[in-house]
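Student: My structure is in data03.cif, and what it holds is mmCIF, C-alpha atoms:
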```cif
data_model
loop_
_atom_site.label_atom_id
_atom_site.label_comp_id
_atom_site.auth_asym_id
_atom_site.auth_seq_id
_atom_site.Cartn_x
_atom_site.Cartn_y
_atom_site.Cartn_z
CA MET R 63 -176.94 -186.72 -44.60
CA GLU R 64 -179.15 -187.80 -41.72
CA VAL R 65 -177.35 -189.29 -38.71
CA ARG R 66 -178.92 -191.86 -36.38
CA HIS R 67 -177.40 -193.25 -33.20
CA ALA R 68 -177.30 -196.89 -32.17
CA THR R 69 -180.13 -198.42 -30.16
CA ALA R 70 -180.51 -201.10 -27.48
CA PRO R 71 -183.26 -203.71 -26.99
CA ASP R 72 -184.31 -202.25 -23.64
CA GLN R 73 -185.52 -199.15 -25.51
CA ILE R 74 -188.22 -201.10 -27.32
CA PRO R 75 -190.82 -201.76 -24.55
CA GLY R 76 -193.35 -198.94 -24.63
CA ALA R 77 -192.01 -197.54 -27.92
CA THR R 78 -194.56 -195.75 -30.09
CA THR R 79 -194.98 -196.31 -33.81
CA ASP R 80 -193.46 -192.89 -34.55
CA TRP R 81 -190.44 -193.66 -32.33
CA LEU R 82 -189.80 -196.98 -34.07
CA ARG R 83 -190.14 -195.48 -37.54
CA GLY R 84 -187.88 -192.59 -36.61
CA ARG R 85 -185.06 -194.90 -35.42
CA PHE R 86 -185.22 -197.81 -37.84
CA LEU R 87 -187.05 -196.85 -41.05
CA ALA R 88 -185.65 -194.81 -43.94
CA GLU R 89 -188.78 -193.56 -45.70
CA GLN R 90 -187.53 -190.91 -48.14
CA LEU R 91 -184.36 -192.26 -49.75
CA PHE R 92 -185.51 -191.73 -53.34
CA VAL R 93 -186.21 -188.10 -54.26
CA SER R 94 -186.04 -186.92 -57.87
CA GLY R 95 -182.79 -185.17 -58.71
CA GLU R 96 -181.14 -185.94 -55.35
CA ILE R 97 -178.83 -188.32 -53.52
CA ARG R 98 -180.23 -188.93 -50.03
CA LEU R 99 -177.96 -190.52 -47.41
CA LEU R 100 -178.48 -191.88 -43.89
CA TYR R 101 -175.57 -192.61 -41.54
CA SER R 102 -176.31 -195.21 -38.87
CA HIS R 103 -174.04 -195.75 -35.88
CA GLU R 104 -175.11 -199.42 -36.07
CA ASP R 105 -171.78 -200.72 -37.48
CA ARG R 106 -171.42 -197.29 -39.16
CA ILE R 107 -173.45 -198.34 -42.19
CA VAL R 108 -174.51 -195.66 -44.66
CA VAL R 109 -177.57 -196.26 -46.85
CA GLY R 110 -178.91 -194.00 -49.53
CA GLY R 111 -180.81 -193.51 -52.74
CA ALA R 112 -179.80 -191.76 -55.98
CA LEU R 113 -182.59 -190.80 -58.39
CA PRO R 114 -181.00 -188.95 -61.35
CA GLU R 115 -184.15 -188.13 -63.32
CA ASP R 116 -182.99 -184.69 -64.54
CA GLY R 117 -179.34 -185.42 -65.28
CA PRO R 118 -176.29 -187.10 -63.70
CA LEU R 119 -175.75 -186.99 -59.95
CA THR R 120 -172.34 -187.01 -58.26
CA LEU R 121 -171.69 -188.73 -54.94
CA HIS R 122 -170.05 -186.19 -52.64
CA SER R 123 -168.67 -186.67 -49.13
CA PRO R 124 -171.04 -185.10 -46.58
CA ASP R 125 -169.63 -183.39 -43.52
CA PRO R 126 -170.35 -186.20 -40.99
CA LEU R 127 -167.85 -188.46 -42.80
CA ARG R 128 -164.99 -185.97 -42.36
CA SER R 129 -163.33 -187.25 -45.54
CA GLU R 130 -162.02 -185.62 -48.70
CA TYR R 131 -164.20 -187.86 -50.88
CA PHE R 132 -166.92 -190.40 -50.06
CA LEU R 133 -164.84 -193.54 -50.60
CA GLU R 134 -161.64 -192.34 -48.92
CA ARG R 135 -162.19 -194.82 -46.07
CA ARG R 136 -165.27 -196.69 -47.31
CA GLU R 137 -166.56 -199.24 -49.81
CA LEU R 138 -169.88 -199.07 -51.64
CA GLY R 139 -172.51 -201.46 -52.94
CA VAL R 140 -174.99 -200.19 -55.56
CA VAL R 141 -178.15 -201.95 -56.74
CA ASN R 142 -180.33 -200.53 -59.51
CA VAL R 143 -183.95 -200.79 -58.34
CA GLY R 144 -185.32 -198.87 -61.35
CA GLU R 145 -184.99 -198.83 -65.13
CA ALA R 146 -181.64 -199.28 -66.87
CA GLY R 147 -178.97 -196.80 -65.78
CA VAL R 148 -175.23 -196.18 -65.65
CA VAL R 149 -172.79 -195.73 -62.78
CA THR R 150 -169.50 -194.13 -63.78
CA VAL R 151 -166.52 -194.70 -61.47
CA ASP R 152 -163.43 -192.56 -62.09
CA GLY R 153 -164.34 -192.24 -65.77
CA THR R 154 -165.31 -195.87 -66.40
CA PRO R 155 -169.04 -196.45 -67.12
CA TYR R 156 -170.83 -199.51 -65.70
CA PRO R 157 -174.31 -200.10 -67.17
CA LEU R 158 -176.73 -201.59 -64.63
CA ALA R 159 -180.08 -203.13 -65.50
CA HIS R 160 -182.87 -203.69 -62.99
CA ARG R 161 -181.65 -205.65 -59.91
CA GLU R 162 -178.01 -205.60 -61.05
CA CYS R 163 -175.18 -204.73 -58.66
CA LEU R 164 -171.94 -202.75 -58.66
CA TYR R 165 -169.24 -202.88 -56.00
CA VAL R 166 -167.02 -199.80 -55.72
CA GLY R 167 -163.86 -200.20 -53.68
CA ARG R 168 -162.10 -197.86 -51.31
CA GLY R 169 -160.13 -195.11 -53.03
CA ALA R 170 -162.49 -194.41 -55.96
CA ARG R 171 -162.75 -190.63 -56.13
CA GLU R 172 -165.62 -189.89 -58.50
CA VAL R 173 -168.93 -191.79 -58.67
CA LEU R 174 -171.68 -190.53 -61.00
CA PHE R 175 -175.21 -191.86 -61.47
CA GLU R 176 -177.23 -191.51 -64.67
CA ASP R 177 -180.83 -192.67 -65.29
CA GLY R 178 -182.06 -195.62 -63.20
CA ALA R 179 -182.80 -195.57 -59.46
CA PHE R 180 -179.82 -196.61 -57.37
CA TYR R 181 -179.81 -197.96 -53.83
CA LEU R 182 -176.52 -197.37 -52.00
CA VAL R 183 -175.00 -199.24 -49.05
CA SER R 184 -171.58 -198.33 -47.67
CA THR R 185 -169.40 -199.71 -44.88
CA PRO R 186 -165.94 -198.75 -43.59
CA ALA R 187 -163.09 -200.41 -45.51
CA HIS R 188 -159.51 -201.29 -44.61
CA ALA R 189 -158.17 -202.17 -48.09
CA ASP R 190 -158.48 -201.17 -51.75
CA LEU R 191 -160.42 -203.73 -53.79
CA PRO R 192 -161.37 -203.50 -57.48
CA THR R 193 -164.69 -202.19 -58.72
CA ALA R 194 -166.83 -205.07 -60.03
CA ARG R 195 -170.24 -205.42 -61.68
CA ALA R 196 -172.63 -208.40 -61.49
CA GLY R 197 -176.04 -209.29 -62.85
CA LEU R 198 -178.45 -212.00 -61.78
CA GLU R 199 -176.72 -214.41 -64.14
CA ASP R 200 -173.41 -213.82 -62.31
CA ALA R 201 -174.78 -214.24 -58.79
CA GLU R 202 -174.90 -217.36 -56.67
CA PRO R 203 -178.63 -218.20 -56.67
CA VAL R 204 -180.20 -220.16 -53.82
CA ARG R 205 -183.85 -221.27 -54.11
CA LEU R 206 -185.58 -221.49 -50.74
CA GLY R 207 -189.05 -222.02 -49.33
CA GLY R 208 -192.11 -223.03 -51.31
CA GLN R 209 -195.70 -222.19 -52.12
CA GLU R 210 -196.96 -224.13 -49.11
CA GLY R 211 -195.19 -221.66 -46.82
CA SER R 212 -195.90 -218.58 -48.97
CA ASN R 213 -192.13 -218.06 -49.16
CA ASP R 214 -191.00 -219.38 -52.56
CA ARG R 215 -188.00 -217.15 -53.23
CA THR R 216 -184.58 -216.98 -54.87
CA ILE R 217 -181.61 -215.40 -53.08
CA TYR R 218 -178.99 -213.88 -55.38
CA LYS R 219 -175.68 -213.36 -53.58
CA TYR R 220 -173.59 -210.57 -55.11
CA ILE R 221 -171.00 -209.32 -52.62
CA HIS R 222 -169.81 -212.19 -50.42
CA ALA R 223 -166.85 -214.45 -49.73
CA LYS R 224 -167.33 -216.51 -52.92
CA GLY R 225 -168.51 -213.65 -55.14
CA ILE R 226 -167.48 -210.02 -55.47
CA GLN R 227 -164.77 -209.43 -52.88
CA SER R 228 -165.14 -206.71 -50.23
CA CYS R 229 -163.66 -205.71 -46.90
CA GLN R 230 -166.78 -206.31 -44.81
CA LEU R 231 -169.86 -205.57 -46.93
CA VAL R 232 -172.13 -208.53 -47.76
CA LEU R 233 -175.01 -207.85 -50.17
CA GLY R 234 -177.57 -209.59 -52.31
CA VAL R 235 -181.08 -209.45 -53.74
CA THR R 236 -183.98 -211.76 -52.91
CA VAL R 237 -186.87 -212.13 -55.37
CA LEU R 238 -190.20 -213.62 -54.23
CA GLU R 239 -192.35 -215.57 -56.65
CA PRO R 240 -195.98 -214.54 -57.33
CA GLY R 241 -198.19 -215.83 -54.52
CA SER R 242 -195.33 -215.74 -51.98
CA MET R 243 -195.13 -212.97 -49.41
CA TRP R 244 -192.95 -214.14 -46.46
CA ASN R 245 -189.32 -213.13 -47.01
CA THR R 246 -187.72 -215.04 -44.09
CA MET R 247 -189.48 -217.47 -41.80
CA PRO R 248 -188.26 -218.95 -39.51
CA CYS R 249 -186.36 -215.74 -38.81
CA HIS R 250 -182.99 -215.10 -37.19
CA THR R 251 -180.68 -212.49 -35.68
CA HIS R 252 -177.05 -211.60 -36.47
CA GLU R 253 -175.24 -210.92 -33.19
CA ARG R 254 -172.07 -209.92 -35.02
CA ARG R 255 -173.54 -207.84 -37.86
CA THR R 256 -176.08 -205.17 -38.67
CA GLU R 257 -178.42 -205.89 -41.60
CA VAL R 258 -180.48 -203.49 -43.68
CA TYR R 259 -183.41 -204.44 -45.92
CA LEU R 260 -184.58 -202.27 -48.83
CA TYR R 261 -187.97 -203.38 -50.16
CA PHE R 262 -188.66 -202.73 -53.85
CA ASP R 263 -190.72 -204.05 -56.80
CA LEU R 264 -193.71 -203.58 -54.47
CA PRO R 265 -196.82 -202.08 -56.11
CA ALA R 266 -197.57 -198.60 -54.81
CA GLU R 267 -200.85 -199.60 -53.16
CA HIS R 268 -199.27 -202.54 -51.28
CA ARG R 269 -197.19 -202.78 -48.10
CA VAL R 270 -194.82 -205.12 -46.25
CA ILE R 271 -195.38 -205.76 -42.54
CA HIS R 272 -191.81 -206.00 -41.25
CA LEU R 273 -191.18 -207.67 -37.89
CA MET R 274 -188.35 -206.40 -35.68
CA GLY R 275 -187.30 -206.42 -32.02
CA ARG R 276 -186.12 -209.21 -29.77
CA PRO R 277 -187.60 -212.62 -30.67
CA ASP R 278 -189.61 -212.65 -27.43
CA GLU R 279 -190.84 -209.06 -27.79
CA THR R 280 -191.44 -208.20 -31.44
CA ARG R 281 -192.74 -205.01 -32.99
CA ASN R 282 -193.75 -204.22 -36.56
CA LEU R 283 -193.20 -201.53 -39.17
CA VAL R 284 -195.51 -201.01 -42.16
CA ILE R 285 -193.21 -200.39 -45.13
CA ALA R 286 -193.85 -199.12 -48.66
CA ASP R 287 -191.91 -199.55 -51.90
CA ARG R 288 -188.27 -198.34 -51.86
CA GLN R 289 -188.11 -197.91 -48.12
CA ALA R 290 -185.31 -199.38 -46.00
CA VAL R 291 -185.28 -200.74 -42.46
CA ILE R 292 -182.19 -200.94 -40.24
CA SER R 293 -181.94 -204.15 -38.22
CA PRO R 294 -179.46 -203.99 -35.29
CA PRO R 295 -177.62 -207.17 -34.27
CA TRP R 296 -180.12 -207.87 -31.48
CA SER R 297 -183.21 -207.65 -33.70
CA VAL R 298 -185.04 -210.17 -35.82
CA HIS R 299 -185.84 -209.13 -39.39
CA CYS R 300 -188.54 -210.69 -41.49
CA GLY R 301 -191.70 -209.57 -43.18
CA PHE R 302 -194.93 -210.47 -44.93
CA GLY R 303 -196.25 -208.48 -47.88
CA THR R 304 -199.71 -207.87 -49.26
CA SER R 305 -198.11 -208.73 -52.63
CA ASN R 306 -194.88 -210.36 -53.74
CA TYR R 307 -191.81 -208.10 -53.99
CA SER R 308 -188.02 -208.04 -54.04
CA PHE R 309 -185.59 -206.76 -51.44
CA VAL R 310 -181.91 -205.90 -51.12
CA TRP R 311 -180.26 -207.30 -48.01
CA ALA R 312 -176.93 -205.90 -46.92
CA MET R 313 -174.77 -206.54 -43.87
CA GLY R 314 -171.68 -205.11 -42.24
CA GLY R 315 -169.89 -206.00 -39.03
CA GLU R 316 -167.60 -208.59 -37.48
CA ASN R 317 -167.42 -211.08 -40.37
CA GLN R 318 -168.68 -211.99 -43.85
CA ALA R 319 -169.99 -215.48 -43.09
CA PHE R 320 -173.46 -215.68 -44.64
CA GLU R 321 -174.43 -218.56 -42.35
CA ASP R 322 -173.42 -216.74 -39.14
CA MET R 323 -176.87 -216.25 -37.63
CA GLU R 324 -178.93 -217.25 -34.62
CA GLN R 325 -182.02 -219.10 -35.79
CA VAL R 326 -185.32 -218.44 -34.04
CA ALA R 327 -187.96 -221.17 -34.03
CA ILE R 328 -191.44 -220.04 -35.00
CA GLY R 329 -192.80 -221.26 -31.67
CA GLU R 330 -190.37 -219.02 -29.77
CA MET R 331 -191.66 -215.80 -31.36
CA ARG R 332 -193.70 -213.45 -29.19
#
```
Show me, as structure tokens, the structure contained in the file I just sent.
Tutor:
Amino acid sequence: MEVRHATAPDQIPGATTDWLRGRFLAEQLFVSGEIRLLYSHEDRIVVGGALPEDGPLTLHSPDPLRSEYFLERRELGVVNVGEAGVVTVDGTPYPLAHRECLYVGRGAREVLFEDGAFYLVSTPAHADLPTARAGLEDAEPVRLGGQEGSNDRTIYKYIHAKGIQSCQLVLGVTVLEPGSMWNTMPCHTHERRTEVYLYFDLPAEHRVIHLMGRPDETRNLVIADRQAVISPPWSVHCGFGTSNYSFVWAMGGENQAFEDMEQVAIGEMR
């Protein structure tokens, strides 16, 4: 497990590309036959990738968590970003197709991954809630944007106040239509939460230009398929791709209110 410390906006002026990528971008989450994890001190979110191409993989508790098992004090969101696979929780199998989600509550002792390619997001939890699965047909879809703004997209809310219940984790998948490349514009910040984007369904030769930083002093990261970017509460988060794509958005922090955000007008961006 890689550990990264929290950052502040006054660290951004003069930052090099390598510095930004080293603090905010998770480039190698998906490695064949491994579970890769990254612990961020930004709201203590853990993100990871499980790629069980040569047999099942078991989620263990790495030393930085100081716990007997991974979900002793945590909850977990899983999204399959690959072909069909299965997540088994304490002996119960949950098949997941592409873009489908599984919530695993605090107290689950054994989590196994078979086939597929699984993106993991975990936040601290204060209560035991039941494991629950959801597909696109179970989510709360919201159609936003349009072709005229190159941002025709559907937001599928999985883990949220009116969907799968959690302690603090909020998670969903956004799917952009062909010909649309902006994922969020106008953009916003979340002063009370940290958000992480995982970009996927992006052709290997294409990239997403992800904007981050304070609204009046932005920076960019060039991101490939199945890479994740950590967005602290003080940072904007939006991007434009050279092709359409999907992304998993996940948040943890002070509350679970989806609408709790500070909007930034396009004209205010610098």
Student: Could you tell me which of R:Tyr220, R:Asp287, R:Met63, R:Gly178 comes closest to R:Gly139 if we count all atoms listed in the file?
Tutor: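 Residue with the minimum atom-to-atom distance to R:Gly139: R:Tyr220.
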Student: Name the closest residue to R:Thr69 among the candidates R:Gln227, R:Thr251, R:Ser297, R:Asn317; distances are taken between atoms, counting only C-alpha atoms.
Tutor: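 For R:Thr69, the nearest of the given residues is R:Ser297.
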Student: Which residues match the PyMOL selection byres ((chain R and resi 302) around 8) in the file above, as an MDAnalysis selection string?
Tutor: chainID R and resid 243:245 270:272 300:301 303:304
Student: Name the residues captured by the PyMOL selection byres ((chain R and resi 113) around 7) when it is applied to the shown file; answer as an MDAnalysis selection string.
Tutor: chainID R and resid 92:97 111:112 114:115 178:180
Student: Hey, can you pull every residue with an atom no more than 12 Å from (-169.1, -185.8, -43.1), using all atoms listed in the file, and send it as a list of chain:residue names?
Tutor: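 Those residues, ordered by chain and then number, are R:Met63, R:Glu64, R:Val65, R:Leu99, R:Leu100, R:Tyr101, R:Val108, R:His122, R:Ser123, R:Pro124, R:Asp125, R:Pro126, R:Leu127, R:Arg128, R:Ser129, R:Glu130, R:Tyr131, R:Phe132, R:Leu133, R:Glu134, R:Arg135.
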Student: Residues picked by the PyMOL selection byres ((chain R and resi 86) around 8) here, as a PyMOL selection string?
Tutor: chain R and resi 82-85+87-88+291-293
Student: In Å to one decimal, how far is atom CA of R:Ser102 from atom CA of R:Ala223?
Tutor: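 Rounded to one decimal, the two atoms are 24.0 Å apart.
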Student: Nearest to R:Leu238 among R:Arg205, R:Lys224, R:His268, R:Arg276, with distances taken over only C-alpha atoms: which residue is it?
Tutor: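 Going through R:Arg205, R:Lys224, R:His268, R:Arg276 one by one, the smallest distance to R:Leu238 is for R:Arg205.
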Student: Please identify all polymer residues within 9 Å of R:Tyr261, counting only C-alpha atoms, omitting same-chain residues fewer than 3 positions from it, and present them as a ChimeraX atom specification.
Tutor: /R:264,270,285-291,307-311
Student: Would you kindly return, as a list in words, each protein, DNA or RNA residue with an atom no farther than 6 Å from any atom of R:Ser242, considering only C-alpha atoms and excluding same-chain residues fewer than 5 positions away?
Tutor: Ser212, Asn213, Asp214 and Asn306 of chain R
Student: Can you report as AutoDock Vina command-line options the centre and edge lengths in Å, to one decimal, of an axis-aligned box around the listed atoms of stretch 240-250 of chain R padded with 5 Å on each side?
Tutor:
```
--center_x -190.6 --center_y -216.0 --center_z -47.3 --size_x 25.2 --size_y 16.0 --size_z 30.1
```
Student: Which one of R:Ala187, R:Gln230, R:Gly241, R:Asp152 sits closest to R:Glu210 if you count all atoms listed in the file?
Tutor: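 For R:Glu210, the nearest of the given residues is R:Gly241.
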Student: Please, what distance in Å, to one decimal, runs between atom CA of R:Ala194 and atom CA of R:Glu104?
Tutor: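 Interatomic distance here is 26.0 Å.
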Student: As an exercise, work out the distance from atom CA of R:Asp105 to atom CA of R:Val258 in Å and give it to one decimal place.
Tutor: 11.0 Å
Student: List the residues sitting within 10 Å of (-175.5, -195.7, -59.3) in the file's frame, using only C-alpha atoms, as a ChimeraX atom specification.
Tutor: /R:97,111-114,118-121,139-143,147-151,156-158,163-164,173-182
Student: Check the smallest atom-to-atom distance from each of R:Gln209, R:Thr154, R:Ser228, R:Thr79 to R:Pro186 using all atoms listed in the file, then report the winner.
Tutor: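 The answer is R:Ser228, which sits nearest to R:Pro186.
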